[in-house]
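Asks: Hey, dropping upload-v3.pdb in here, PDB, C-alpha atoms:
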ATOM      1  CA  MET O  29      33.030 201.283 126.916
ATOM      2  CA  PHE O  30      33.028 202.276 123.215
ATOM      3  CA  ASP O  31      29.459 201.838 122.041
ATOM      4  CA  LYS O  32      28.367 201.564 118.408
ATOM      5  CA  TYR O  33      27.504 205.241 118.226
ATOM      6  CA  PHE O  34      31.005 206.163 119.241
ATOM      7  CA  PHE O  35      32.612 203.773 116.733
ATOM      8  CA  ASP O  36      30.500 205.226 113.941
ATOM      9  CA  GLU O  37      31.212 208.788 114.923
ATOM     10  CA  TYR O  38      34.759 208.903 116.151
ATOM     11  CA  THR O  39      36.340 209.216 112.709
ATOM     12  CA  ARG O  40      34.368 212.392 112.146
ATOM     13  CA  LEU O  41      35.176 213.679 115.617
ATOM     14  CA  PHE O  42      38.869 213.290 114.861
ATOM     15  CA  GLU O  43      38.308 215.016 111.537
ATOM     16  CA  ILE O  44      37.066 218.039 113.517
ATOM     17  CA  LEU O  45      40.192 217.980 115.679
ATOM     18  CA  ARG O  46      42.406 217.647 112.594
ATOM     19  CA  ILE O  47      40.782 220.632 110.893
ATOM     20  CA  GLU O  48      41.162 222.769 114.023
ATOM     21  CA  LYS O  49      44.796 221.712 114.406
ATOM     22  CA  ILE O  50      45.613 222.505 110.754
ATOM     23  CA  VAL O  51      43.947 225.922 111.071
ATOM     24  CA  PHE O  52      45.787 226.602 114.330
ATOM     25  CA  ASP O  53      49.164 225.563 112.876
ATOM     26  CA  HIS O  54      48.730 227.911 109.915
ATOM     27  CA  THR O  55      46.906 230.873 111.436
ATOM     28  CA  GLY O  56      47.301 230.597 115.215
ATOM     29  CA  GLU O  57      43.500 230.801 115.487
ATOM     30  CA  VAL O  58      40.995 228.325 116.904
ATOM     31  CA  ILE O  59      37.533 228.418 115.314
ATOM     32  CA  ASP O  60      36.010 226.982 118.513
ATOM     33  CA  THR O  61      33.385 224.472 117.510
ATOM     34  CA  PRO O  62      31.633 221.652 119.389
ATOM     35  CA  ILE O  63      33.357 218.291 118.822
ATOM     36  CA  ASP O  64      30.237 216.831 117.285
ATOM     37  CA  SER O  65      29.903 215.332 113.803
ATOM     38  CA  ASP O  66      26.948 217.629 113.030
ATOM     39  CA  TYR O  67      29.385 220.549 112.986
ATOM     40  CA  LEU O  68      31.962 218.961 110.669
ATOM     41  CA  PHE O  69      30.864 220.589 107.417
ATOM     42  CA  SER O  70      30.309 224.051 108.899
ATOM     43  CA  LEU O  71      33.764 223.872 110.486
ATOM     44  CA  TYR O  72      35.327 222.885 107.150
ATOM     45  CA  TYR O  73      33.454 225.772 105.507
ATOM     46  CA  GLU O  74      34.763 228.290 108.046
ATOM     47  CA  ALA O  75      38.282 226.851 107.879
ATOM     48  CA  MET O  76      38.392 227.278 104.098
ATOM     49  CA  LEU O  77      37.435 230.938 104.473
ATOM     50  CA  LEU O  78      40.583 231.469 106.579
ATOM     51  CA  ILE O  79      42.879 230.452 103.713
ATOM     52  CA  PRO O  80      44.966 233.428 102.538
ATOM     53  CA  GLY O  81      43.157 234.811  99.516
ATOM     54  CA  GLN O  82      39.593 234.815  98.321
ATOM     55  CA  VAL O  83      37.398 231.745  98.778
ATOM     56  CA  GLU O  84      33.891 231.328  97.417
ATOM     57  CA  HIS O  85      31.536 228.396  97.888
ATOM     58  CA  ALA O  86      28.643 227.365  95.683
ATOM     59  CA  TYR O  87      26.164 224.497  95.836
ATOM     60  CA  LYS O  88      25.226 222.724  92.599
ATOM     61  CA  GLU O  89      21.730 221.456  93.201
ATOM     62  CA  ASP O  90      21.565 219.330  90.022
ATOM     63  CA  TYR O  91      24.493 217.150  91.079
ATOM     64  CA  ASP O  92      24.331 217.702  94.851
ATOM     65  CA  ASP O  93      27.951 218.874  94.597
ATOM     66  CA  TYR O  94      29.788 221.680  96.341
ATOM     67  CA  LEU O  95      32.008 223.919  94.322
ATOM     68  CA  CYS O  96      34.830 225.824  95.949
ATOM     69  CA  VAL O  97      36.595 228.652  94.104
ATOM     70  CA  ILE O  98      39.935 229.654  95.588
ATOM     71  CA  GLU O  99      42.037 232.592  94.509
ATOM     72  CA  PHE O 100      45.188 232.347  96.600
ATOM     73  CA  SER O 101      46.613 235.686  97.644
ATOM     74  CA  LYS O 102      49.860 235.152  95.693
ATOM     75  CA  MET O 103      48.296 233.429  92.684
ATOM     76  CA  GLU O 104      47.434 236.440  90.548
ATOM     77  CA  GLU O 105      50.858 237.991  90.983
ATOM     78  CA  PHE O 106      52.566 234.646  90.355
ATOM     79  CA  TYR O 107      50.809 234.103  87.012
ATOM     80  CA  TYR O 108      51.353 237.749  86.067
ATOM     81  CA  LEU O 109      55.099 237.242  86.512
ATOM     82  CA  CYS O 110      54.892 233.904  84.674
ATOM     83  CA  ARG O 111      53.533 235.795  81.667
ATOM     84  CA  LYS O 112      56.394 238.289  81.926
ATOM     85  CA  TRP O 113      58.928 235.451  82.236
ATOM     86  CA  SER O 114      57.480 233.714  79.160
ATOM     87  CA  LYS O 115      57.655 236.958  77.179
ATOM     88  CA  MET O 116      61.270 237.603  78.230
ATOM     89  CA  HIS O 117      62.433 234.084  77.446
ATOM     90  CA  GLY O 118      60.269 233.481  74.374
ATOM     91  CA  VAL O 119      58.665 230.399  75.951
ATOM     92  CA  PRO O 120      54.914 229.721  75.458
ATOM     93  CA  PHE O 121      52.922 230.288  78.663
ATOM     94  CA  LYS O 122      51.757 226.670  78.841
ATOM     95  CA  LYS O 123      55.365 225.468  78.570
ATOM     96  CA  ASN O 124      56.698 227.935  81.124
ATOM     97  CA  PRO O 125      58.486 225.767  83.751
ATOM     98  CA  PHE O 126      56.884 227.718  86.615
ATOM     99  CA  VAL O 127      53.395 227.172  85.148
ATOM    100  CA  VAL O 128      54.091 223.488  84.488
ATOM    101  CA  ASN O 129      55.482 223.008  88.011
ATOM    102  CA  ALA O 130      52.448 224.679  89.567
ATOM    103  CA  GLU O 131      50.072 222.464  87.608
ATOM    104  CA  GLU O 132      52.022 219.325  88.501
ATOM    105  CA  PHE O 133      52.137 220.256  92.179
ATOM    106  CA  VAL O 134      48.399 220.956  92.363
ATOM    107  CA  ASN O 135      47.560 217.728  90.519
ATOM    108  CA  ASN O 136      49.851 215.595  92.663
ATOM    109  CA  ARG O 137      48.683 217.147  95.900
ATOM    110  CA  LEU O 138      44.951 216.900  95.169
ATOM    111  CA  ASN O 139      45.266 213.421  93.644
ATOM    112  CA  TYR O 140      46.446 212.287  97.043
ATOM    113  CA  VAL O 141      43.350 213.602  98.869
ATOM    114  CA  SER O 142      40.404 211.601  97.580
ATOM    115  CA  TYR O 143      38.724 210.114  94.529
ATOM    116  CA  SER O 144      35.580 212.053  95.420
ATOM    117  CA  ILE O 145      36.846 215.440  94.285
ATOM    118  CA  GLY O 146      37.454 217.068  90.954
ATOM    119  CA  TRP O 147      39.503 220.195  90.327
ATOM    120  CA  ARG O 148      40.744 222.579  87.695
ATOM    121  CA  LEU O 149      43.550 225.054  87.925
ATOM    122  CA  CYS O 150      42.568 228.058  85.829
ATOM    123  CA  ALA O 151      45.497 230.204  84.749
ATOM    124  CA  PRO O 152      44.630 232.436  81.790
ATOM    125  CA  LYS O 153      47.595 232.982  79.506
ATOM    126  CA  LYS O 154      46.498 236.563  78.836
ATOM    127  CA  LEU O 155      45.505 239.159  81.408
ATOM    128  CA  LYS O 156      41.786 239.794  81.052
ATOM    129  CA  LYS O 157      39.369 241.620  83.290
ATOM    130  CA  LYS O 158      36.816 238.834  83.494
ATOM    131  CA  MET O 159      39.263 235.962  83.851
ATOM    132  CA  ARG O 160      40.913 235.239  87.155
ATOM    133  CA  SER O 161      43.596 232.795  88.160
ATOM    134  CA  VAL O 162      41.711 230.415  90.434
ATOM    135  CA  LEU O 163      41.618 226.856  91.673
ATOM    136  CA  LEU O 164      38.209 225.220  91.316
ATOM    137  CA  ILE O 165      37.467 222.229  93.529
ATOM    138  CA  GLU O 166      34.291 220.200  93.251
ATOM    139  CA  LEU O 167      33.237 217.981  96.149
ATOM    140  CA  SER O 168      30.889 215.082  95.495
ATOM    141  CA  PRO O 169      28.251 214.138  98.130
ATOM    142  CA  ASP O 170      30.304 211.187  99.414
ATOM    143  CA  PHE O 171      33.352 213.325 100.195
ATOM    144  CA  TYR O 172      34.363 213.410 103.867
ATOM    145  CA  GLU O 173      38.161 213.880 103.868
ATOM    146  CA  TYR O 174      37.842 217.542 104.793
ATOM    147  CA  ALA O 175      41.034 217.766 106.851
ATOM    148  CA  ASP O 176      43.145 216.210 104.078
ATOM    149  CA  LEU O 177      41.703 218.657 101.574
ATOM    150  CA  LEU O 178      42.328 221.612 103.891
ATOM    151  CA  GLN O 179      45.947 220.528 104.410
ATOM    152  CA  ALA O 180      46.391 220.146 100.637
ATOM    153  CA  VAL O 181      44.961 223.622 100.018
ATOM    154  CA  TYR O 182      47.341 225.134 102.593
ATOM    155  CA  ASP O 183      50.250 223.291 100.932
ATOM    156  CA  ILE O 184      49.203 224.700  97.551
ATOM    157  CA  SER O 185      48.981 228.174  99.065
ATOM    158  CA  ASP O 186      52.526 227.780 100.452
ATOM    159  CA  PHE O 187      53.671 226.500  97.057
ATOM    160  CA  PHE O 188      52.426 229.623  95.271
ATOM    161  CA  GLU O 189      54.087 231.794  97.899
ATOM    162  CA  ASN O 190      57.460 230.061  97.458
ATOM    163  CA  SER O 191      57.157 229.945  93.665
ATOM    164  CA  LEU O 192      56.416 233.658  93.623
ATOM    165  CA  LYS O 193      59.652 234.318  95.536
ATOM    166  CA  ASN O 194      61.605 232.161  93.060
ATOM    167  CA  ILE O 195      60.213 233.774  89.937
ATOM    168  CA  LYS O 196      60.700 237.251  91.417
ATOM    169  CA  LEU O 197      64.308 236.411  92.122
ATOM    170  CA  GLN O 198      64.887 235.119  88.587
ATOM    171  CA  LEU O 199      63.231 238.154  87.011
ATOM    172  CA  THR O 200      65.136 240.581  89.223
ATOM    173  CA  GLU O 201      68.409 238.901  88.268
ATOM    174  CA  ALA O 202      67.372 239.278  84.618
ATOM    175  CA  GLY O 203      66.846 243.004  85.208
ATOM    176  CA  PHE O 204      63.036 243.074  85.281
ATOM    177  CA  HIS O 205      61.391 245.417  87.775
ATOM    178  CA  HIS O 206      57.842 244.355  88.287
ATOM    179  CA  ASN O 207      55.316 247.170  88.272
ATOM    180  CA  ASN O 208      52.120 247.560  90.146
ATOM    181  CA  ILE O 209      50.052 244.601  89.035
ATOM    182  CA  ILE O 210      46.723 246.180  89.953
ATOM    183  CA  GLN O 211      47.464 249.229  87.817
ATOM    184  CA  GLU O 212      48.389 247.095  84.818
ATOM    185  CA  ARG O 213      45.301 244.908  85.249
ATOM    186  CA  SER O 214      42.963 247.907  85.298
ATOM    187  CA  ASP O 215      44.613 249.188  82.124
ATOM    188  CA  SER O 216      44.096 245.932  80.227
TER     189      SER O 216
ATOM    190  CA  MET Y  29      25.323 169.469 126.245
ATOM    191  CA  GLU Y  30      25.024 171.007 129.661
ATOM    192  CA  TYR Y  31      26.188 174.484 130.489
ATOM    193  CA  SER Y  32      27.039 175.816 133.854
ATOM    194  CA  LEU Y  33      27.744 179.379 134.766
ATOM    195  CA  ASP Y  34      31.169 179.839 136.242
ATOM    196  CA  ARG Y  35      30.538 183.032 138.182
ATOM    197  CA  PRO Y  36      34.148 183.770 139.190
ATOM    198  CA  LEU Y  37      35.208 183.358 135.550
ATOM    199  CA  LEU Y  38      32.402 185.631 134.359
ATOM    200  CA  ILE Y  39      33.363 188.252 136.945
ATOM    201  CA  LYS Y  40      36.980 187.952 135.861
ATOM    202  CA  TYR Y  41      36.010 188.497 132.208
ATOM    203  CA  LEU Y  42      33.814 191.451 133.078
ATOM    204  CA  ASN Y  43      36.562 192.961 135.193
ATOM    205  CA  ASN Y  44      38.903 192.663 132.230
ATOM    206  CA  THR Y  45      36.577 194.844 130.202
ATOM    207  CA  ASP Y  46      36.843 197.606 132.790
ATOM    208  CA  PRO Y  47      39.120 200.151 131.161
ATOM    209  CA  ALA Y  48      39.917 202.008 134.402
ATOM    210  CA  ILE Y  49      43.274 200.341 134.959
ATOM    211  CA  SER Y  50      44.245 198.683 131.719
ATOM    212  CA  LEU Y  51      43.616 201.713 129.512
ATOM    213  CA  GLU Y  52      45.740 203.965 131.689
ATOM    214  CA  GLN Y  53      48.534 201.425 131.569
ATOM    215  CA  GLN Y  54      48.245 201.181 127.802
ATOM    216  CA  LEU Y  55      48.177 204.959 127.472
ATOM    217  CA  GLU Y  56      51.574 205.158 129.129
ATOM    218  CA  GLN Y  57      53.084 203.675 125.967
ATOM    219  CA  PHE Y  58      51.751 206.534 123.850
ATOM    220  CA  PRO Y  59      53.046 210.123 123.466
ATOM    221  CA  GLU Y  60      51.882 212.903 125.808
ATOM    222  CA  GLY Y  61      49.668 214.370 123.074
ATOM    223  CA  VAL Y  62      47.675 211.138 122.837
ATOM    224  CA  LYS Y  63      47.176 211.052 126.609
ATOM    225  CA  TYR Y  64      46.086 214.695 126.598
ATOM    226  CA  LEU Y  65      43.551 214.118 123.806
ATOM    227  CA  TYR Y  66      42.252 210.934 125.372
ATOM    228  CA  LEU Y  67      41.644 212.560 128.744
ATOM    229  CA  SER Y  68      40.423 215.921 127.407
ATOM    230  CA  VAL Y  69      38.299 214.778 124.478
ATOM    231  CA  VAL Y  70      37.539 211.065 124.377
ATOM    232  CA  CYS Y  71      36.755 210.477 128.069
ATOM    233  CA  PRO Y  72      34.347 213.452 128.440
ATOM    234  CA  ILE Y  73      32.563 212.567 125.168
ATOM    235  CA  ILE Y  74      32.134 208.925 126.201
ATOM    236  CA  SER Y  75      30.749 210.145 129.515
ATOM    237  CA  GLY Y  76      28.182 212.242 127.656
ATOM    238  CA  TYR Y  77      29.728 215.678 128.106
ATOM    239  CA  ASP Y  78      30.019 218.272 125.339
ATOM    240  CA  VAL Y  79      33.543 219.351 124.424
ATOM    241  CA  ASN Y  80      34.450 222.398 122.358
ATOM    242  CA  THR Y  81      37.702 222.762 120.445
ATOM    243  CA  GLY Y  82      38.106 226.172 122.088
ATOM    244  CA  SER Y  83      38.718 224.489 125.430
ATOM    245  CA  LEU Y  84      41.726 222.547 124.090
ATOM    246  CA  ASP Y  85      45.361 223.551 124.229
ATOM    247  CA  MET Y  86      46.368 223.153 120.578
ATOM    248  CA  ASP Y  87      50.067 223.258 121.465
ATOM    249  CA  LYS Y  88      49.755 220.049 123.484
ATOM    250  CA  PHE Y  89      49.263 217.726 120.519
ATOM    251  CA  ASP Y  90      50.118 217.408 116.843
ATOM    252  CA  LEU Y  91      48.489 215.737 113.842
ATOM    253  CA  ASP Y  92      50.439 212.504 114.373
ATOM    254  CA  ASP Y  93      48.976 212.252 117.894
ATOM    255  CA  LEU Y  94      45.492 212.178 116.366
ATOM    256  CA  THR Y  95      46.468 209.253 114.142
ATOM    257  CA  GLU Y  96      47.962 207.467 117.155
ATOM    258  CA  LEU Y  97      44.845 208.164 119.234
ATOM    259  CA  GLU Y  98      42.664 206.683 116.513
ATOM    260  CA  ARG Y  99      44.847 203.564 116.514
ATOM    261  CA  PHE Y 100      44.737 203.367 120.309
ATOM    262  CA  ILE Y 101      40.950 203.611 120.397
ATOM    263  CA  SER Y 102      40.433 201.029 117.697
ATOM    264  CA  LEU Y 103      42.831 198.630 119.452
ATOM    265  CA  THR Y 104      41.332 198.989 122.934
ATOM    266  CA  GLY Y 105      37.787 199.169 121.626
ATOM    267  CA  GLU Y 106      38.187 196.021 119.560
ATOM    268  CA  ARG Y 107      39.779 194.185 122.468
ATOM    269  CA  ASN Y 108      36.990 195.124 124.885
ATOM    270  CA  GLN Y 109      34.278 194.331 122.382
ATOM    271  CA  THR Y 110      35.827 190.935 121.641
ATOM    272  CA  ILE Y 111      35.813 190.002 125.324
ATOM    273  CA  LEU Y 112      32.212 191.180 125.725
ATOM    274  CA  TYR Y 113      31.190 189.310 122.598
ATOM    275  CA  ASP Y 114      32.753 186.097 123.937
ATOM    276  CA  ILE Y 115      30.736 186.445 127.143
ATOM    277  CA  TYR Y 116      27.588 187.229 125.182
ATOM    278  CA  SER Y 117      28.098 184.189 122.892
ATOM    279  CA  LYS Y 118      28.669 181.839 125.811
ATOM    280  CA  LEU Y 119      25.556 183.092 127.637
ATOM    281  CA  LYS Y 120      23.480 182.854 124.451
ATOM    282  CA  GLN Y 121      24.471 179.213 123.908
ATOM    283  CA  ALA Y 122      23.317 178.223 127.387
ATOM    284  CA  VAL Y 123      19.998 176.313 127.483
ATOM    285  CA  PRO Y 124      17.297 178.117 129.494
ATOM    286  CA  VAL Y 125      16.613 176.487 132.822
ATOM    287  CA  LEU Y 126      13.056 176.202 134.136
ATOM    288  CA  SER Y 127      12.652 177.561 137.616
ATOM    289  CA  ALA Y 128       9.952 179.035 139.824
ATOM    290  CA  VAL Y 129       9.832 182.818 139.898
ATOM    291  CA  ASP Y 130       7.740 185.284 141.826
ATOM    292  CA  PHE Y 131       5.006 186.880 139.761
ATOM    293  CA  LEU Y 132       3.681 190.361 140.197
TER     294      LEU Y 132
END
Starting from the file, lay out its structure as structure tokens.
Replies:
Amino acid sequence: MFDKYFFDEYTRLFEILRIEKIVFDHTGEVIDTPIDSDYLFSLYYEAMLLIPGQVEHAYKEDYDDYLCVIEFSKMEEFYYLCRKWSKMHGVPFKKNPFVVNAEEFVNNRLNYVSYSIGWRLCAPKKLKKKMRSVLLIELSPDFYEYADLLQAVYDISDFFENSLKNIKLQLTEAGFHHNNIIQERSDS
Amino acid sequence: MEYSLDRPLLIKYLNNTDPAISLEQQLEQFPEGVKYLYLSVVCPIISGYDVNTGSLDMDKFDLDDLTELERFISLTGERNQTILYDIYSKLKQAVPVLSAVDFL
């Protein structure tokens, strides 16, 4: 009953179902795609665009790699408050426990996904117009664990959201009232 | 070595590869989500129908059910293929027998 075609394809078919389920669990939406391996990459692409924040994709022709740039919705504010926390406590930005925790979490979570990806968490220690806090992920041509990556990215997004709450709480207890981040950024 | 075709045994083997009864019985041991996915996704796809994710009820299964379904398919698929391969091997070993046949 299960022919060769089906055995070769079924892993990818389940990958489609996994991606849809992860998206549904986090957003309540269904992208609605044919359960066909030809649609796997386009589904992954659409699913990544639904992550809270700004997501950009780029194709590197020289290496046949895909580059994904993610700026989680809470990331900018989180690192802004990390800078404030470092200033208040006299701790270097790179040694700030919130910054270190974030880096460790991202590394651990993405390490678990696949050997076929590379990543870099960019968190500038000074607020500059041209530098953003982003997560860069590079996918090599033999990468197929799209659902695992999507789940990891959602976990990282949740991590930044929770960490933002924690740092806000600590700063509020220390008497810091955080101003409008957009205003301060445009002034810098 | 002489081979003879035991037709009742062959029919018995072939009947064992029919998933109609055995698969349903095996499915009973799995969670509801696995059954739902098997009947709503796997069966139509094997039968050649197109299935869209939009037609599925996402509340009826979770991510663990997908892992279980994968395990279920690999188990049943391997079992069926093993039986078919045994039949194929036995038939292949049999020496061709010369006999008169009607030509065109």
Asks: For chain Y, which residues have at least one atom within 6 Å of chain O, if we go by only C-alpha atoms? Write them as a PDB file with C-alpha atoms, keeping the file's coordinate frame, please.
Replies:
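Saved to out.pdb:
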ATOM      1  CA  VAL Y  79      33.543 219.351 124.424  1.00  0.00           C
ATOM      2  CA  ASN Y  80      34.450 222.398 122.358  1.00  0.00           C
ATOM      3  CA  THR Y  81      37.702 222.762 120.445  1.00  0.00           C
ATOM      4  CA  GLY Y  82      38.106 226.172 122.088  1.00  0.00           C
ATOM      5  CA  GLY Y 105      37.787 199.169 121.626  1.00  0.00           C
TER       6      GLY Y 105
END
Asks: Return as a list in words the set of residues that the PyMOL selection byres ((chain O and resi 150) around 7) yields on the displayed structure.
Replies: Arg148, Leu149, Ala151, Pro152, Ser161, Val162 and Leu163 of chain O
Asks: Name the residues in contact with Gln198 of chain O at a cut-off of 12 Å, using only C-alpha atoms, excluding same-chain residues fewer than 6 positions from it; report them as a ChimeraX atom specification.
Replies: /O:109-110,112-113,116-117,126,191-192,204-206
Asks: Quick one: of Y:Ile115, Y:Lys63, Y:Glu98, Y:Ser75, who's nearest to Ile39 of chain Y, counting only C-alpha atoms?
Replies: Y:Ile115
Asks: I'd like the interatomic distance between atom CA of Gly146 of chain O and atom CA of Tyr174 of chain O, to a tenth of an Å.
Replies: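 Distance reported for this atom pair: 13.9 Å.
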Asks: Using only C-alpha atoms, which protein or nucleic acid residues come within 12 Å of Leu77 of chain O? Drop anything in the same chain fewer than 4 positions from it, and give the result as an mmCIF file with C-alpha atoms, keeping the file's coordinate frame.
Replies:
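The file below, selection.cif, is the result:
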data_model
loop_
_atom_site.group_PDB
_atom_site.id
_atom_site.type_symbol
_atom_site.label_atom_id
_atom_site.label_comp_id
_atom_site.auth_asym_id
_atom_site.auth_seq_id
_atom_site.Cartn_x
_atom_site.Cartn_y
_atom_site.Cartn_z
ATOM 1 C CA VAL O 51 43.947 225.922 111.071
ATOM 2 C CA THR O 55 46.906 230.873 111.436
ATOM 3 C CA ILE O 59 37.533 228.418 115.314
ATOM 4 C CA SER O 70 30.309 224.051 108.899
ATOM 5 C CA LEU O 71 33.764 223.872 110.486
ATOM 6 C CA TYR O 72 35.327 222.885 107.150
ATOM 7 C CA TYR O 73 33.454 225.772 105.507
ATOM 8 C CA GLY O 81 43.157 234.811 99.516
ATOM 9 C CA GLN O 82 39.593 234.815 98.321
ATOM 10 C CA VAL O 83 37.398 231.745 98.778
ATOM 11 C CA GLU O 84 33.891 231.328 97.417
ATOM 12 C CA HIS O 85 31.536 228.396 97.888
ATOM 13 C CA CYS O 96 34.830 225.824 95.949
ATOM 14 C CA VAL O 97 36.595 228.652 94.104
ATOM 15 C CA ILE O 98 39.935 229.654 95.588
ATOM 16 C CA GLU O 99 42.037 232.592 94.509
ATOM 17 C CA PHE O 100 45.188 232.347 96.600
ATOM 18 C CA LEU O 178 42.328 221.612 103.891
ATOM 19 C CA VAL O 181 44.961 223.622 100.018
ATOM 20 C CA TYR O 182 47.341 225.134 102.593
#
Asks: Report, in Å with one decimal, the straight-line distance from atom CA of Ala202 of chain O to atom CA of Val127 of chain O.
Replies: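 Between these atoms lies a distance of 18.5 Å.
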Asks: Take atom CA of Ile145 of chain O and atom CA of Ser168 of chain O and report the distance between them in Å, one decimal.
Replies: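 Calculated distance between atom CA of Ile145 of chain O and atom CA of Ser168 of chain O is 6.1 Å.
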Asks: What residues come out when you apply the PyMOL selection byres ((chain O and resi 130) around 12) to this file, written as a ChimeraX atom specification?
Replies: /O:103,106-107,110,122-129,131-137,149-151,163,183-192,195
Asks: Using all atoms listed in the file, which of O:Ala180, O:Ala175, O:Leu138, O:Leu199 sits nearest Arg40 of chain O?
Replies: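 Going through O:Ala180, O:Ala175, O:Leu138, O:Leu199 one by one, the smallest distance to Arg40 of chain O is for O:Ala175.
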Asks: Compare Y:Val70, Y:Leu126, Y:Leu119, Y:Met86 by their minimum atom-to-atom distance to Ile101 of chain Y, counting all atoms listed in the file, and give me the closest one.
Replies: Y:Val70
Asks: Please enumerate the residues selected by the PyMOL selection byres ((chain Y and resi 62) around 7) when evaluated against the supplied file, formatted as a count of residues only.
Replies: 12
